[in-house]
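Written out below as structure tokens is the structure these notes cover.
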Amino acid sequence: MRIAVVSDGEGGGRLRELGADGVSQGSLWRVSDLAGAVADYEKHSAEPPRWIWAATDEVYPPLIEHALRISRCHDVTLVEALLLGYHGRFGEARSLGAAWARLHGRDVPADLAAPQTSAGIDVQEALFEPDRSTLPPDVDRLTALVEVHADQQRRIAELPAPDRFALLAAVESAGALAAIEMAHDGIPWRMDVHDQLLSEQLGARPPGGMRPPVLADLAERISAEFGRPVNPDSPPQLMKAFAAIGHPVPSTRSHDLRQVDHAVVPLLLRYKELARLHSAHGWAWLDTWVRHGRFRPDYVVGGVVSGRWATRGGGALQIPKVVRRAVRADPDWTLVTADAGQLEPRILAAVSGDRALAAAAGSEDLYARLAPLFNGDRERAKIGLLAAMYGQTSGDAAPLLRTMRRNFPTALAYVDAAARAGEQGELVRSWLGRTCPPPSPTWRRIVYGDPAAETAPAAGGTPDGARLARERGRFTRNFVIQATAAEWALVFMAAVRRRLRELDTAHGAPQLVFFQHDELVLHVPCSLAAAAVEVLTASAEETRRLLFESTEVRFPLDISVVRCYADA
């Protein structure tokens, strides 16, 4: 069952049942308690309904506040972005109002900003925020929602692989539900432990704006080694200082600094490491982002062109190992983590149809399985496989890449074709249909010599044009793999989320609390730890079948049951 829903901004709203085809219309309900009506459908329907709404981050947070969890939805805004992207129309407005305007040949309004959060706490004042769909005042929102949803269903059905794209739309929407739930539940976070580890690393907390003692001491020692006052936070000052002591450096990146044989380098590398901790996850971060024992990540679903998520702050996608000591389960609860290892190489094996690579990817350690081809060297096997995916052809990677081409020609042909398409300014797509952005007018001007040209010169034109063409080729070469890996993670997350809802909640409802690229973290009662592990393994197998049917490629998980995230 599909049900379109709009709120009236005062706690009520309207619901329209849709036919099995998602197009024909059924019963219309006007309710004063929208959350209650949604809860009744969720509880009493034979099959969980799929809710059709303009934007999950607009409608779902108030429902969460009523202790209501939704099973499934269709997020019109997210799906519109996917459909526009499929045809290379990146950057166009994607709201309900914009989609309705395009459907009716009207002027397309710009999107309004999504609701922002502060320190992970939703700042919405009303139960339901006013609609952000930018519809004209004389257009009924529910009618527009039903029309746009029907149009999206039609557009998906007309695609070359409609079933795959429909799965992409479903898991993108499921990801939006999970993102709101993770922001609401939060990761269990011990502020006292975090404060202690900062003091251990940086010294006592300093007054506002001053360097912590350890950083201040390192800064003095760095200046002493240079023989002049130098601000270690200033790249221009550092580069001048290195030149003055006879060691000019092209940049102050750690890689370039490690090439210099001088006593100042270890001090500077240590300073950079600790300064990064202080700025990204120091006391200011702790004060801003952790409330009531929880860090609530503010995710942006599909915030990266590959489909990976972004955040609106808080650094949720990069929690350093040292900081993970502060992530500790509540009493009588535990953390269950699952990390999909070697995901992108296994994705290459599955999508390319290379039978030899798929057979190797049927093992627990793909790199070890390939090692005999590289004189038994697992590390060289890893470098060779990564070179194939990322297009590295120089240096030590060149002979390793030749070995890959000789043994896995179908896999290499797959990424080579994606690279050629990118160099020619064409679009490439993931397994389910997420599409890369088209080249910019500036790229077309430099590579083609004409921003309106549709094909590139055979040799890439000027040297700058050839360089830009190769760079885009490397991007599209990896896009087809990385975007599909992001889809694997979304399908996996949706399966885990659904299965967690089926577990016994007598001792508390298990929670999906954290997502980071290829890793999920669950917070569950200790009594459900074994069941949660089964949920993860069963969901990984379901994901393999949904995406790749009978492939022999395996996607093993590294699963840990721990009290502290740092122990995973």
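FYI, nothing fancy with the structure tokens labels: chains A, B, ... in order, residues from 1 per chain, ligands from 1 as they appear.
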
Subject >> Contacts of Ser550 in chain A within 10 Å, only C-alpha atoms, excl. fewer than 5 positions in-chain, as a count of residues only >> reply: 3

Could you make a table, as JSON lines, of the residues of range 179-285 of chain A that have an atom within 12 Å of an atom of range 327-336 of chain A, each with its nearest atom pair and distance in Å to one decimal, counting only C-alpha atoms, in chain and number order?
{"residue": "A:Gly186", "atom": "CA", "partner": "A:Val327", "partner_atom": "CA", "distance": 10.7}
{"residue": "A:Ile187", "atom": "CA", "partner": "A:Val327", "partner_atom": "CA", "distance": 7.1}
{"residue": "A:Pro188", "atom": "CA", "partner": "A:Val327", "partner_atom": "CA", "distance": 5.8}
{"residue": "A:Trp189", "atom": "CA", "partner": "A:Val327", "partner_atom": "CA", "distance": 4.7}
{"residue": "A:Arg190", "atom": "CA", "partner": "A:Val327", "partner_atom": "CA", "distance": 6.3}
{"residue": "A:Met191", "atom": "CA", "partner": "A:Val327", "partner_atom": "CA", "distance": 9.2}
{"residue": "A:Asp192", "atom": "CA", "partner": "A:Val327", "partner_atom": "CA", "distance": 10.9}
{"residue": "A:Val193", "atom": "CA", "partner": "A:Val327", "partner_atom": "CA", "distance": 8.7}
{"residue": "A:His194", "atom": "CA", "partner": "A:Val327", "partner_atom": "CA", "distance": 8.6}
{"residue": "A:Leu197", "atom": "CA", "partner": "A:Val327", "partner_atom": "CA", "distance": 12.0}

**OP:** May I have all residues of range 217-341 of chain A that DSSP, computed from the backbone, assigns to strand (DSSP E or B), given as a VMD selection string?
**Re:** chain A and resid 290 to 291 294 to 295 299 to 300 310 to 311 327 to 328 333 to 340

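You will find CA of Leu500 in chain A at 21.3 Å from CA of Ala169 in chain A.
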
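Distance-wise, CA of Ser560 in chain A and CA of Ser173 in chain A end up 27.8 Å apart.
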
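Residue nearest Glu80 in chain A within the list A:Ala37, A:Val5, A:Leu68, A:Ala54: A:Ala54 [criterion: smallest interatomic distance, only C-alpha atoms].
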
Original post:
Which polymer residues have any atom within 12 Å of an atom of Arg141 in chain A, counting only C-alpha atoms, with same-chain residues fewer than 4 positions away left out, as a PyMOL selection string?
Top reply: chain A and resi 4-8+13-16+53-54+96-97+100+130-137+145-148

Original post:
Neighbours of Leu83 in chain A within 12 Å (only C-alpha atoms; same-chain residues fewer than 5 positions away dropped), as number ranges by chain?
Top reply: A: 76-78, 88-94, 99, 151-159, 162, 165-166, 168-169, 432-436

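Within 6 Å of Val31 in chain A, once only C-alpha atoms are used and residues closer than 2 positions along the same chain are dropped, the contacting residues are Gly12, Gly13, Asp33 and Leu34 of chain A.
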
**OP:** Apply DSSP to the backbone of this structure and, from range 261-425 of chain A, keep only the residues in alpha helix (DSSP H); write these as a count of residues only.
**Re:** 85

**OP:** Determine, counting only C-alpha atoms, which protein, DNA and RNA residues have an atom within 12 Å of an atom of range 252-262 of chain A; residues of the same chain fewer than 3 positions away are not included. Present the result as a ChimeraX atom specification.
**Re:** /A:222,225-226,232-243,245-249,265-273
